[in-house]
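Trainee: Coordinates in data.pdb, PDB, C-alpha atoms, are listed below.
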ATOM      1  CA  MET A   1     103.567  94.788 126.430
ATOM      2  CA  THR A   2     100.166  96.322 126.656
ATOM      3  CA  ASN A   3      99.079  99.614 128.120
ATOM      4  CA  ASP A   4     101.861 100.465 130.521
ATOM      5  CA  ASN A   5     100.635 103.899 131.497
ATOM      6  CA  GLU A   6      99.842 102.681 134.967
ATOM      7  CA  ALA A   7     103.402 101.479 135.413
ATOM      8  CA  SER A   8     105.000 104.698 134.169
ATOM      9  CA  PRO A   9     106.625 106.839 136.833
ATOM     10  CA  PRO A  10     104.548 109.849 137.787
ATOM     11  CA  LEU A  11     105.382 113.200 136.286
ATOM     12  CA  ASP A  12     107.537 115.544 138.309
ATOM     13  CA  ALA A  13     105.830 118.107 140.484
ATOM     14  CA  GLY A  14     104.577 121.022 138.460
ATOM     15  CA  GLU A  15     104.676 119.085 135.220
ATOM     16  CA  THR A  16     101.677 118.264 133.111
ATOM     17  CA  ILE A  17     101.257 115.891 130.207
ATOM     18  CA  GLU A  18     101.549 118.982 127.980
ATOM     19  CA  THR A  19     104.779 120.297 129.473
ATOM     20  CA  THR A  20     106.749 117.208 130.433
ATOM     21  CA  LEU A  21     109.696 115.978 128.419
ATOM     22  CA  ALA A  22     108.960 112.462 129.620
ATOM     23  CA  PHE A  23     107.423 110.298 126.916
ATOM     24  CA  ARG A  24     104.151 108.993 128.314
ATOM     25  CA  PRO A  25     102.172 107.734 125.317
ATOM     26  CA  ARG A  26      98.543 107.440 126.317
ATOM     27  CA  PHE A  27      96.974 104.380 124.779
ATOM     28  CA  GLY A  28      93.198 104.182 124.645
ATOM     29  CA  PRO A  29      91.030 101.678 126.490
ATOM     30  CA  ASP A  30      91.623  99.337 123.541
ATOM     31  CA  GLY A  31      95.393  99.576 124.062
ATOM     32  CA  LEU A  32      95.841 101.574 120.851
ATOM     33  CA  ILE A  33      97.132 105.013 119.956
ATOM     34  CA  PRO A  34      96.377 106.636 116.574
ATOM     35  CA  ALA A  35      99.334 107.260 114.262
ATOM     36  CA  ILE A  36      99.478 109.796 111.446
ATOM     37  CA  VAL A  37     102.074 109.130 108.757
ATOM     38  CA  THR A  38     103.375 111.941 106.568
ATOM     39  CA  ASP A  39     105.979 112.151 103.840
ATOM     40  CA  LEU A  40     109.130 113.688 105.307
ATOM     41  CA  LYS A  41     109.932 115.631 102.163
ATOM     42  CA  THR A  42     106.517 116.855 101.054
ATOM     43  CA  GLY A  43     104.372 116.920 104.189
ATOM     44  CA  ASP A  44     101.656 114.902 102.445
ATOM     45  CA  VAL A  45      99.573 112.712 104.700
ATOM     46  CA  LEU A  46     100.271 109.189 103.487
ATOM     47  CA  MET A  47      98.203 107.022 105.798
ATOM     48  CA  PHE A  48      96.605 106.685 109.191
ATOM     49  CA  ALA A  49      96.738 103.615 111.415
ATOM     50  CA  HIS A  50      96.910 102.509 115.022
ATOM     51  CA  MET A  51      99.722 101.263 117.218
ATOM     52  CA  ASN A  52      99.692  99.171 120.326
ATOM     53  CA  ALA A  53     102.646  99.384 122.685
ATOM     54  CA  ASP A  54     104.450  96.575 120.862
ATOM     55  CA  ALA A  55     104.088  98.368 117.544
ATOM     56  CA  LEU A  56     105.375 101.607 119.031
ATOM     57  CA  THR A  57     108.296  99.801 120.648
ATOM     58  CA  SER A  58     109.165  98.024 117.395
ATOM     59  CA  THR A  59     108.931 101.278 115.459
ATOM     60  CA  LEU A  60     111.305 103.089 117.797
ATOM     61  CA  ALA A  61     113.689 100.152 118.042
ATOM     62  CA  THR A  62     113.959  99.419 114.309
ATOM     63  CA  GLY A  63     113.250 102.766 112.669
ATOM     64  CA  LEU A  64     110.620 101.060 110.511
ATOM     65  CA  ALA A  65     106.926 101.779 111.001
ATOM     66  CA  HIS A  66     104.957  99.049 112.739
ATOM     67  CA  PHE A  67     101.242  99.196 113.464
ATOM     68  CA  TRP A  68      98.552  97.070 115.006
ATOM     69  CA  SER A  69      96.310  95.622 112.341
ATOM     70  CA  ARG A  70      92.825  95.797 113.785
ATOM     71  CA  SER A  71      91.362  93.694 110.971
ATOM     72  CA  ARG A  72      93.922  90.934 111.345
ATOM     73  CA  ALA A  73      94.484  91.455 115.084
ATOM     74  CA  LYS A  74      98.242  91.211 114.760
ATOM     75  CA  LEU A  75     101.402  93.264 114.718
ATOM     76  CA  TRP A  76     101.895  94.703 111.245
ATOM     77  CA  LYS A  77     105.301  95.645 109.893
ATOM     78  CA  LYS A  78     104.250  98.016 107.120
ATOM     79  CA  GLY A  79     105.611  96.976 103.747
ATOM     80  CA  GLU A  80     106.971  93.652 104.923
ATOM     81  CA  GLU A  81     105.449  91.867 101.941
ATOM     82  CA  SER A  82     105.387  94.657  99.357
ATOM     83  CA  GLY A  83     108.808  96.083 100.139
ATOM     84  CA  ASN A  84     107.247  99.485 100.689
ATOM     85  CA  LEU A  85     108.728  99.830 104.153
ATOM     86  CA  LEU A  86     108.330 103.143 105.920
ATOM     87  CA  LYS A  87     111.652 104.470 107.194
ATOM     88  CA  VAL A  88     110.846 106.638 110.179
ATOM     89  CA  ARG A  89     112.815 109.877 110.233
ATOM     90  CA  GLU A  90     110.978 111.669 113.002
ATOM     91  CA  VAL A  91     108.478 110.695 115.684
ATOM     92  CA  ARG A  92     106.342 113.307 117.404
ATOM     93  CA  THR A  93     103.546 113.242 119.903
ATOM     94  CA  ASP A  94     100.857 115.810 120.562
ATOM     95  CA  CYS A  95     100.046 118.009 123.535
ATOM     96  CA  ASP A  96      98.273 115.331 125.536
ATOM     97  CA  GLN A  97     100.385 112.470 124.192
ATOM     98  CA  ASP A  98      97.522 110.461 122.769
ATOM     99  CA  VAL A  99      98.516 110.682 119.099
ATOM    100  CA  ILE A 100     101.739 109.760 117.274
ATOM    101  CA  TRP A 101     103.022 111.491 114.134
ATOM    102  CA  LEU A 102     105.615 109.719 112.004
ATOM    103  CA  ALA A 103     107.484 111.563 109.250
ATOM    104  CA  VAL A 104     108.772 108.897 106.895
ATOM    105  CA  GLU A 105     110.493 108.037 103.662
ATOM    106  CA  ILE A 106     108.900 105.215 101.683
ATOM    107  CA  GLU A 107     111.148 102.415 100.487
ATOM    108  CA  GLY A 108     110.471 100.124  97.545
ATOM    109  CA  HIS A 109     108.014 101.513  95.024
ATOM    110  CA  GLY A 110     107.169 104.622  97.045
ATOM    111  CA  VAL A 111     103.657 103.427  97.708
ATOM    112  CA  ALA A 112     101.964 103.715 101.101
ATOM    113  CA  CYS A 113      98.402 102.651 100.245
ATOM    114  CA  HIS A 114      97.194  99.108  99.647
ATOM    115  CA  THR A 115      95.431 100.374  96.503
ATOM    116  CA  GLY A 116      98.784 101.156  94.900
ATOM    117  CA  ALA A 117      98.416 104.897  95.397
ATOM    118  CA  ARG A 118     101.300 106.771  96.964
ATOM    119  CA  SER A 119      98.963 108.130  99.667
ATOM    120  CA  CYS A 120      95.699 106.724 100.954
ATOM    121  CA  PHE A 121      94.238 110.216 100.605
ATOM    122  CA  TYR A 122      93.836 110.272  96.824
ATOM    123  CA  ARG A 123      90.280 111.618  96.840
ATOM    124  CA  ARG A 124      89.104 115.116  97.618
ATOM    125  CA  VAL A 125      85.625 115.875  98.945
ATOM    126  CA  ILE A 126      83.701 118.330  96.794
ATOM    127  CA  GLY A 127      80.366 119.941  97.569
ATOM    128  CA  SER A 128      79.062 121.416 100.764
ATOM    129  CA  GLY A 129      76.611 118.889 102.170
ATOM    130  CA  VAL A 130      76.907 115.304 103.217
ATOM    131  CA  LYS A 131      73.565 114.065 102.023
ATOM    132  CA  SER A 132      73.628 111.846  98.996
ATOM    133  CA  GLY A 133      73.964 113.896  95.850
ATOM    134  CA  GLU A 134      75.202 117.051  97.564
ATOM    135  CA  THR A 135      78.728 115.862  98.113
ATOM    136  CA  SER A 136      81.000 113.608  96.162
ATOM    137  CA  LEU A 137      84.645 112.777  95.678
ATOM    138  CA  GLU A 138      87.136 113.466  92.946
ATOM    139  CA  ILE A 139      90.492 111.918  92.351
ATOM    140  CA  ALA A 140      93.132 114.455  93.283
ATOM    141  CA  ALA A 141      96.860 114.721  93.032
ATOM    142  CA  LEU A 142      98.676 115.361  96.269
ATOM    143  CA  PRO A 143      99.036 119.007  97.250
ATOM    144  CA  GLN A 144     101.911 120.880  95.733
ATOM    145  CA  ILE A 145     103.921 121.181  98.883
ATOM    146  CA  LYS A 146     107.592 120.595  98.262
ATOM    147  CA  ALA A 147     110.577 120.690 100.503
ATOM    148  CA  PRO A 148     113.151 123.350  99.706
ATOM    149  CA  ASP A 149     115.947 122.074  97.484
TER     150      ASP A 149
ATOM    151  CA  MET B 150      72.385 113.369 112.567
ATOM    152  CA  THR B 151      74.278 110.376 113.792
ATOM    153  CA  ASN B 152      75.818 107.533 111.867
ATOM    154  CA  ASP B 153      73.930 107.583 108.593
ATOM    155  CA  ASN B 154      75.928 104.935 106.802
ATOM    156  CA  GLU B 155      72.977 102.595 106.880
ATOM    157  CA  ALA B 156      70.855 105.163 105.090
ATOM    158  CA  SER B 157      73.397 105.847 102.361
ATOM    159  CA  PRO B 158      72.541 104.483  98.945
ATOM    160  CA  PRO B 159      74.529 101.392  98.037
ATOM    161  CA  LEU B 160      77.556 101.728  95.817
ATOM    162  CA  ASP B 161      77.144 101.045  92.154
ATOM    163  CA  ALA B 162      77.889  97.577  90.866
ATOM    164  CA  GLY B 163      81.592  96.982  90.541
ATOM    165  CA  GLU B 164      82.459  99.841  92.870
ATOM    166  CA  THR B 165      84.228  99.472  96.173
ATOM    167  CA  ILE B 166      84.711 101.911  99.002
ATOM    168  CA  GLU B 167      88.214 102.464  97.595
ATOM    169  CA  THR B 168      87.151 103.193  94.033
ATOM    170  CA  THR B 169      83.844 104.997  94.351
ATOM    171  CA  LEU B 170      83.508 108.728  93.848
ATOM    172  CA  ALA B 171      80.528 108.704  96.209
ATOM    173  CA  PHE B 172      81.348 110.183  99.597
ATOM    174  CA  ARG B 173      80.482 107.529 102.176
ATOM    175  CA  PRO B 174      82.246 108.579 105.372
ATOM    176  CA  ARG B 175      82.435 105.601 107.673
ATOM    177  CA  PHE B 176      81.871 106.625 111.252
ATOM    178  CA  GLY B 177      82.932 104.230 113.979
ATOM    179  CA  PRO B 178      80.625 102.457 116.407
ATOM    180  CA  ASP B 179      80.872 105.598 118.569
ATOM    181  CA  GLY B 180      79.582 107.721 115.667
ATOM    182  CA  LEU B 181      82.981 109.387 115.214
ATOM    183  CA  ILE B 182      85.527 109.623 112.434
ATOM    184  CA  PRO B 183      89.132 110.719 113.075
ATOM    185  CA  ALA B 184      90.246 113.972 111.485
ATOM    186  CA  ILE B 185      93.837 114.998 110.740
ATOM    187  CA  VAL B 186      94.435 118.727 110.351
ATOM    188  CA  THR B 187      97.446 120.016 108.431
ATOM    189  CA  ASP B 188      98.663 123.465 107.492
ATOM    190  CA  LEU B 189      97.789 124.098 103.844
ATOM    191  CA  LYS B 190     101.002 125.986 103.146
ATOM    192  CA  THR B 191     103.587 123.964 105.064
ATOM    193  CA  GLY B 192     102.128 120.469 105.372
ATOM    194  CA  ASP B 193     102.746 120.477 109.132
ATOM    195  CA  VAL B 194     100.338 118.399 111.153
ATOM    196  CA  LEU B 195      98.574 120.904 113.384
ATOM    197  CA  MET B 196      96.156 118.791 115.391
ATOM    198  CA  PHE B 197      94.098 115.637 115.483
ATOM    199  CA  ALA B 198      90.488 115.375 116.603
ATOM    200  CA  HIS B 199      87.236 113.552 115.925
ATOM    201  CA  MET B 200      84.081 114.470 114.060
ATOM    202  CA  ASN B 201      80.578 113.179 114.337
ATOM    203  CA  ALA B 202      78.245 113.571 111.377
ATOM    204  CA  ASP B 203      77.066 116.976 112.614
ATOM    205  CA  ALA B 204      80.632 118.233 112.865
ATOM    206  CA  LEU B 205      81.434 116.997 109.366
ATOM    207  CA  THR B 206      78.254 118.552 108.000
ATOM    208  CA  SER B 207      79.006 121.877 109.701
ATOM    209  CA  THR B 208      82.590 121.814 108.425
ATOM    210  CA  LEU B 209      81.520 121.256 104.834
ATOM    211  CA  ALA B 210      78.679 123.758 105.033
ATOM    212  CA  THR B 211      80.641 126.617 106.637
ATOM    213  CA  GLY B 212      84.219 126.014 105.524
ATOM    214  CA  LEU B 213      85.294 126.231 109.162
ATOM    215  CA  ALA B 214      86.535 123.167 111.033
ATOM    216  CA  HIS B 215      84.094 121.683 113.518
ATOM    217  CA  PHE B 216      84.779 118.667 115.691
ATOM    218  CA  TRP B 217      83.090 116.617 118.329
ATOM    219  CA  SER B 218      84.587 117.341 121.726
ATOM    220  CA  ARG B 219      84.737 113.998 123.455
ATOM    221  CA  SER B 220      85.670 115.555 126.805
ATOM    222  CA  ARG B 221      82.783 118.032 126.737
ATOM    223  CA  ALA B 222      80.447 115.807 124.707
ATOM    224  CA  LYS B 223      79.402 118.635 122.428
ATOM    225  CA  LEU B 224      79.894 120.071 118.976
ATOM    226  CA  TRP B 225      83.079 122.134 118.943
ATOM    227  CA  LYS B 226      83.621 124.976 116.498
ATOM    228  CA  LYS B 227      87.404 125.211 116.643
ATOM    229  CA  GLY B 228      88.588 128.693 117.586
ATOM    230  CA  GLU B 229      85.147 130.028 118.396
ATOM    231  CA  GLU B 230      86.409 131.555 121.626
ATOM    232  CA  SER B 231      90.071 132.196 120.771
ATOM    233  CA  GLY B 232      89.491 133.488 117.261
ATOM    234  CA  ASN B 233      91.871 130.861 115.919
ATOM    235  CA  LEU B 234      89.331 129.515 113.486
ATOM    236  CA  LEU B 235      90.481 126.916 110.985
ATOM    237  CA  LYS B 236      89.545 127.859 107.426
ATOM    238  CA  VAL B 237      89.221 124.619 105.527
ATOM    239  CA  ARG B 238      90.809 124.753 102.082
ATOM    240  CA  GLU B 239      90.672 121.089 101.214
ATOM    241  CA  VAL B 240      88.935 118.010 102.580
ATOM    242  CA  ARG B 241      90.152 114.530 101.728
ATOM    243  CA  THR B 242      89.242 111.052 102.791
ATOM    244  CA  ASP B 243      91.308 107.894 102.714
ATOM    245  CA  CYS B 244      91.020 104.654 100.795
ATOM    246  CA  ASP B 245      88.377 103.113 103.023
ATOM    247  CA  GLN B 246      86.728 106.425 103.913
ATOM    248  CA  ASP B 247      87.177 106.125 107.652
ATOM    249  CA  VAL B 248      89.525 109.088 108.125
ATOM    250  CA  ILE B 249      89.191 112.767 107.184
ATOM    251  CA  TRP B 250      92.132 115.045 106.303
ATOM    252  CA  LEU B 251      91.605 118.805 106.441
ATOM    253  CA  ALA B 252      94.178 121.183 104.951
ATOM    254  CA  VAL B 253      93.578 124.543 106.619
ATOM    255  CA  GLU B 254      94.688 128.096 107.148
ATOM    256  CA  ILE B 255      94.590 129.298 110.749
ATOM    257  CA  GLU B 256      92.845 132.584 111.448
ATOM    258  CA  GLY B 257      93.507 134.834 114.430
ATOM    259  CA  HIS B 258      96.865 134.322 116.077
ATOM    260  CA  GLY B 259      97.836 131.344 113.929
ATOM    261  CA  VAL B 260      97.600 128.970 116.842
ATOM    262  CA  ALA B 261      95.992 125.538 116.618
ATOM    263  CA  CYS B 262      96.906 124.067 120.022
ATOM    264  CA  HIS B 263      95.271 124.904 123.332
ATOM    265  CA  THR B 264      98.773 125.293 124.812
ATOM    266  CA  GLY B 265      99.413 128.305 122.604
ATOM    267  CA  ALA B 266     101.708 126.401 120.259
ATOM    268  CA  ARG B 267     101.063 126.659 116.547
ATOM    269  CA  SER B 268     100.845 122.870 116.305
ATOM    270  CA  CYS B 269      99.965 120.339 118.973
ATOM    271  CA  PHE B 270     102.990 118.331 117.819
ATOM    272  CA  TYR B 271     105.712 120.482 119.391
ATOM    273  CA  ARG B 272     107.656 117.587 120.916
ATOM    274  CA  ARG B 273     109.831 115.050 119.180
ATOM    275  CA  VAL B 274     110.446 111.573 120.576
ATOM    276  CA  ILE B 275     114.136 110.784 121.061
ATOM    277  CA  GLY B 276     115.664 107.456 122.013
ATOM    278  CA  SER B 277     114.860 103.997 120.816
ATOM    279  CA  GLY B 278     112.903 102.321 123.603
ATOM    280  CA  VAL B 279     109.689 103.131 125.338
ATOM    281  CA  LYS B 280     110.673 102.080 128.831
ATOM    282  CA  SER B 281     111.219 104.878 131.297
ATOM    283  CA  GLY B 282     114.633 106.421 130.842
ATOM    284  CA  GLU B 283     115.233 105.015 127.367
ATOM    285  CA  THR B 284     113.026 107.458 125.566
ATOM    286  CA  SER B 285     112.159 111.061 126.172
ATOM    287  CA  LEU B 286     110.860 114.122 124.400
ATOM    288  CA  GLU B 287     112.450 117.325 123.228
ATOM    289  CA  ILE B 288     110.822 120.528 122.160
ATOM    290  CA  ALA B 289     111.137 120.787 118.409
ATOM    291  CA  ALA B 290     110.392 123.377 115.814
ATOM    292  CA  LEU B 291     108.108 122.301 113.033
ATOM    293  CA  PRO B 292     109.796 120.611 110.089
ATOM    294  CA  GLN B 293     111.269 122.868 107.453
ATOM    295  CA  ILE B 294     108.712 122.109 104.803
ATOM    296  CA  LYS B 295     107.663 125.216 102.956
ATOM    297  CA  ALA B 296     105.345 125.815 100.084
ATOM    298  CA  PRO B 297     106.946 127.131  96.915
ATOM    299  CA  ASP B 298     106.808 130.921  96.641
TER     300      ASP B 298
END
Kindly return the structure encoded in the file as structure tokens.
Mentor:
Amino acid sequence: MTNDNEASPPLDAGETIETTLAFRPRFGPDGLIPAIVTDLKTGDVLMFAHMNADALTSTLATGLAHFWSRSRAKLWKKGEESGNLLKVREVRTDCDQDVIWLAVEIEGHGVACHTGARSCFYRRVIGSGVKSGETSLEIAALPQIKAPD
Amino acid sequence: MTNDNEASPPLDAGETIETTLAFRPRFGPDGLIPAIVTDLKTGDVLMFAHMNADALTSTLATGLAHFWSRSRAKLWKKGEESGNLLKVREVRTDCDQDVIWLAVEIEGHGVACHTGARSCFYRRVIGSGVKSGETSLEIAALPQIKAPD
């Protein structure tokens, strides 16, 4: 399945993409929709990837996060080799339905990043410019946001 | 300023984009980098947008979130008209430096979405298919993730 927006039934009269309760994911011209992945318990952003319609379908059908690997040009079941599967606990979309947010629990070793870090976002930007020498990165622990016990 | 990756000094020997502490944001062929915005205190995803190099520069220089409005094709200081400015408390980048994560506090009325919702992600996907009738949306409160007191 590719971009099926054209085949989706129209919204009801008076509805907009912002107000409808119909799920009408809007894939881009490349057939992809961006997906933000956060940790269900802590709210930390773990990773960011893209889904095509097949990946979104597989994610909803299996409860495990699937993406479209742009570098390998294939469906990508996250953690299939490493065991670090992402169990999807909640799926959201945004006001204009062109972004997906997955709240997940990580299986296996609790690692979401290919570097071995729990989150891909292990570096903080410091400094106030973007020219070389004005801004750099530092390794940072994830924010201290914790779910209530 | 547009995509200045070409002008950036090379990484040091033995460094990779994943290991360097040099900030080398990788803008796409369209000159844009995706930006995820979360609430500093709760971890909720508030919105998702894109930055060009000017928007990233302005964000770092002012501490207020700036994006590139693709629909209006102009620099967009978030909240400039509504007063719902986004005060940037932390900026992160991911392993391959092609995504930006901003942790923010919302000024004004505490609203990040143009619909008036606090977060753009006010609808949860329910159901397990993506064909019409198998999957729909429901209005959902933000997850109960709270910062420690």
Trainee: Given only C-alpha atoms as the basis, pick out the residue of A:Thr62, A:Asn84, A:Ser71, A:Thr93 nearest to Tyr271 of chain B.
Mentor: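 Residue with the minimum atom-to-atom distance to Tyr271 of chain B: A:Thr93.
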Trainee: Compute the chain B side of the contact with chain A at 6 Å, counting all atoms listed in the file, and hand it back as an MDAnalysis selection string.
Mentor: chainID B and resid 170:172 192 206 209:210 240:244 269:270 272:274 277 279 285:286 294:296
Trainee: For a quick check: superposing chain B on chain A using all C-alpha atoms in order, what RMSD comes out?
Mentor: 0.0 Å
Trainee: Since I can't run it myself right now, could you work out what the PyMOL selection byres ((chain A and resi 66) around 7) selects here and report it as a tab-separated table (two decimals) with C-alpha atoms, keeping the file's coordinate frame?
Mentor:
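What ended up in result38.tsv:
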chain	number	residue	atom	x	y	z
A	55	ALA	CA	104.09	98.37	117.54
A	56	LEU	CA	105.38	101.61	119.03
A	58	SER	CA	109.16	98.02	117.40
A	59	THR	CA	108.93	101.28	115.46
A	64	LEU	CA	110.62	101.06	110.51
A	65	ALA	CA	106.93	101.78	111.00
A	67	PHE	CA	101.24	99.20	113.46
A	76	TRP	CA	101.90	94.70	111.24
A	77	LYS	CA	105.30	95.64	109.89
A	78	LYS	CA	104.25	98.02	107.12
Trainee: Which polymer residues have any atom within 12 Å of an atom of Asp179 of chain B, counting only C-alpha atoms, with same-chain residues fewer than 2 positions away left out, as a PyMOL selection string?
Mentor: chain B and resi 151-152+175-177+181-183+199-202+217+219+222
Trainee: Take the selection from the previous step and output its residues with C-alpha atoms, as a PDB file, in the coordinates of the input.
Mentor:
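After the write, part25.pdb holds the following:
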ATOM      1  CA  THR B 151      74.278 110.376 113.792  1.00  0.00           C
ATOM      2  CA  ASN B 152      75.818 107.533 111.867  1.00  0.00           C
ATOM      3  CA  ARG B 175      82.435 105.601 107.673  1.00  0.00           C
ATOM      4  CA  PHE B 176      81.871 106.625 111.252  1.00  0.00           C
ATOM      5  CA  GLY B 177      82.932 104.230 113.979  1.00  0.00           C
ATOM      6  CA  LEU B 181      82.981 109.387 115.214  1.00  0.00           C
ATOM      7  CA  ILE B 182      85.527 109.623 112.434  1.00  0.00           C
ATOM      8  CA  PRO B 183      89.132 110.719 113.075  1.00  0.00           C
ATOM      9  CA  HIS B 199      87.236 113.552 115.925  1.00  0.00           C
ATOM     10  CA  MET B 200      84.081 114.470 114.060  1.00  0.00           C
ATOM     11  CA  ASN B 201      80.578 113.179 114.337  1.00  0.00           C
ATOM     12  CA  ALA B 202      78.245 113.571 111.377  1.00  0.00           C
ATOM     13  CA  TRP B 217      83.090 116.617 118.329  1.00  0.00           C
ATOM     14  CA  ARG B 219      84.737 113.998 123.455  1.00  0.00           C
ATOM     15  CA  ALA B 222      80.447 115.807 124.707  1.00  0.00           C
TER      16      ALA B 222
END
Trainee: Quick one, how far is atom CA of Gly232 of chain B from atom CA of Gly259 of chain B?
Mentor: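 Taking atom CA of Gly232 of chain B and atom CA of Gly259 of chain B, their separation equals 9.2 Å.
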Trainee: Quick one: pull the distance between atom CA of Glu81 of chain A and atom CA of Gly108 of chain A, Å, one decimal.
Mentor: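 Between atom CA of Glu81 of chain A and atom CA of Gly108 of chain A the gap works out to 10.6 Å.
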Trainee: What is the atom CA of Pro29 of chain A to atom CA of Pro10 of chain A distance in Å?
Mentor: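 One can read the atom CA of Pro29 of chain A to atom CA of Pro10 of chain A distance as 19.4 Å.
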Trainee: So which residues fall inside 9 Å of (90.7, 130.1, 106.5) if we count only C-alpha atoms? Mind giving them as a short mmCIF file (atom, residue, chain, number, x, y, z; two decimals) with C-alpha atoms, keeping the file's coordinate frame?
Mentor:
data_model
loop_
_atom_site.label_atom_id
_atom_site.label_comp_id
_atom_site.auth_asym_id
_atom_site.auth_seq_id
_atom_site.Cartn_x
_atom_site.Cartn_y
_atom_site.Cartn_z
CA GLY B 212 84.22 126.01 105.52
CA LEU B 213 85.29 126.23 109.16
CA LEU B 234 89.33 129.51 113.49
CA LEU B 235 90.48 126.92 110.98
CA LYS B 236 89.54 127.86 107.43
CA VAL B 237 89.22 124.62 105.53
CA ARG B 238 90.81 124.75 102.08
CA VAL B 253 93.58 124.54 106.62
CA GLU B 254 94.69 128.10 107.15
CA ILE B 255 94.59 129.30 110.75
CA GLU B 256 92.84 132.58 111.45
#
Trainee: Atoms are missing here; could segment 52-58 of chain A be completed with all heavy atoms and written as an mmCIF file, keeping the file's coordinate frame?
Mentor:
data_model
loop_
_atom_site.group_PDB
_atom_site.id
_atom_site.type_symbol
_atom_site.label_atom_id
_atom_site.label_comp_id
_atom_site.auth_asym_id
_atom_site.auth_seq_id
_atom_site.Cartn_x
_atom_site.Cartn_y
_atom_site.Cartn_z
ATOM 1 N N ASN A 52 99.711 99.556 118.916
ATOM 2 C CA ASN A 52 99.692 99.171 120.326
ATOM 3 C C ASN A 52 101.108 99.408 120.870
ATOM 4 O O ASN A 52 101.987 99.898 120.147
ATOM 5 C CB ASN A 52 99.202 97.725 120.512
ATOM 6 C CG ASN A 52 100.133 96.709 119.879
ATOM 7 O OD1 ASN A 52 101.100 97.080 119.221
ATOM 8 N ND2 ASN A 52 99.824 95.441 120.066
ATOM 9 N N ALA A 53 101.330 99.090 122.107
ATOM 10 C CA ALA A 53 102.646 99.384 122.685
ATOM 11 C C ALA A 53 103.748 98.598 121.987
ATOM 12 O O ALA A 53 104.850 99.117 121.781
ATOM 13 C CB ALA A 53 102.634 99.099 124.189
ATOM 14 N N ASP A 54 103.453 97.364 121.587
ATOM 15 C CA ASP A 54 104.450 96.575 120.862
ATOM 16 C C ASP A 54 104.821 97.230 119.537
ATOM 17 O O ASP A 54 105.992 97.258 119.140
ATOM 18 C CB ASP A 54 103.912 95.160 120.575
ATOM 19 C CG ASP A 54 104.106 94.221 121.754
ATOM 20 O OD1 ASP A 54 104.889 94.564 122.667
ATOM 21 O OD2 ASP A 54 103.469 93.157 121.759
ATOM 22 N N ALA A 55 103.827 97.725 118.835
ATOM 23 C CA ALA A 55 104.088 98.368 117.544
ATOM 24 C C ALA A 55 104.920 99.628 117.732
ATOM 25 O O ALA A 55 105.849 99.895 116.953
ATOM 26 C CB ALA A 55 102.767 98.687 116.846
ATOM 27 N N LEU A 56 104.606 100.395 118.764
ATOM 28 C CA LEU A 56 105.375 101.607 119.031
ATOM 29 C C LEU A 56 106.815 101.248 119.413
ATOM 30 O O LEU A 56 107.772 101.861 118.919
ATOM 31 C CB LEU A 56 104.697 102.422 120.133
ATOM 32 C CG LEU A 56 105.392 103.716 120.551
ATOM 33 C CD1 LEU A 56 105.619 104.654 119.372
ATOM 34 C CD2 LEU A 56 104.566 104.426 121.637
ATOM 35 N N THR A 57 106.955 100.249 120.246
ATOM 36 C CA THR A 57 108.296 99.801 120.648
ATOM 37 C C THR A 57 109.091 99.345 119.434
ATOM 38 O O THR A 57 110.258 99.724 119.260
ATOM 39 C CB THR A 57 108.183 98.643 121.662
ATOM 40 O OG1 THR A 57 107.458 99.094 122.802
ATOM 41 C CG2 THR A 57 109.553 98.153 122.097
ATOM 42 N N SER A 58 108.471 98.534 118.581
ATOM 43 C CA SER A 58 109.165 98.024 117.395
ATOM 44 C C SER A 58 109.538 99.157 116.450
ATOM 45 O O SER A 58 110.611 99.143 115.830
ATOM 46 C CB SER A 58 108.284 97.001 116.659
ATOM 47 O OG SER A 58 108.049 95.875 117.481
#
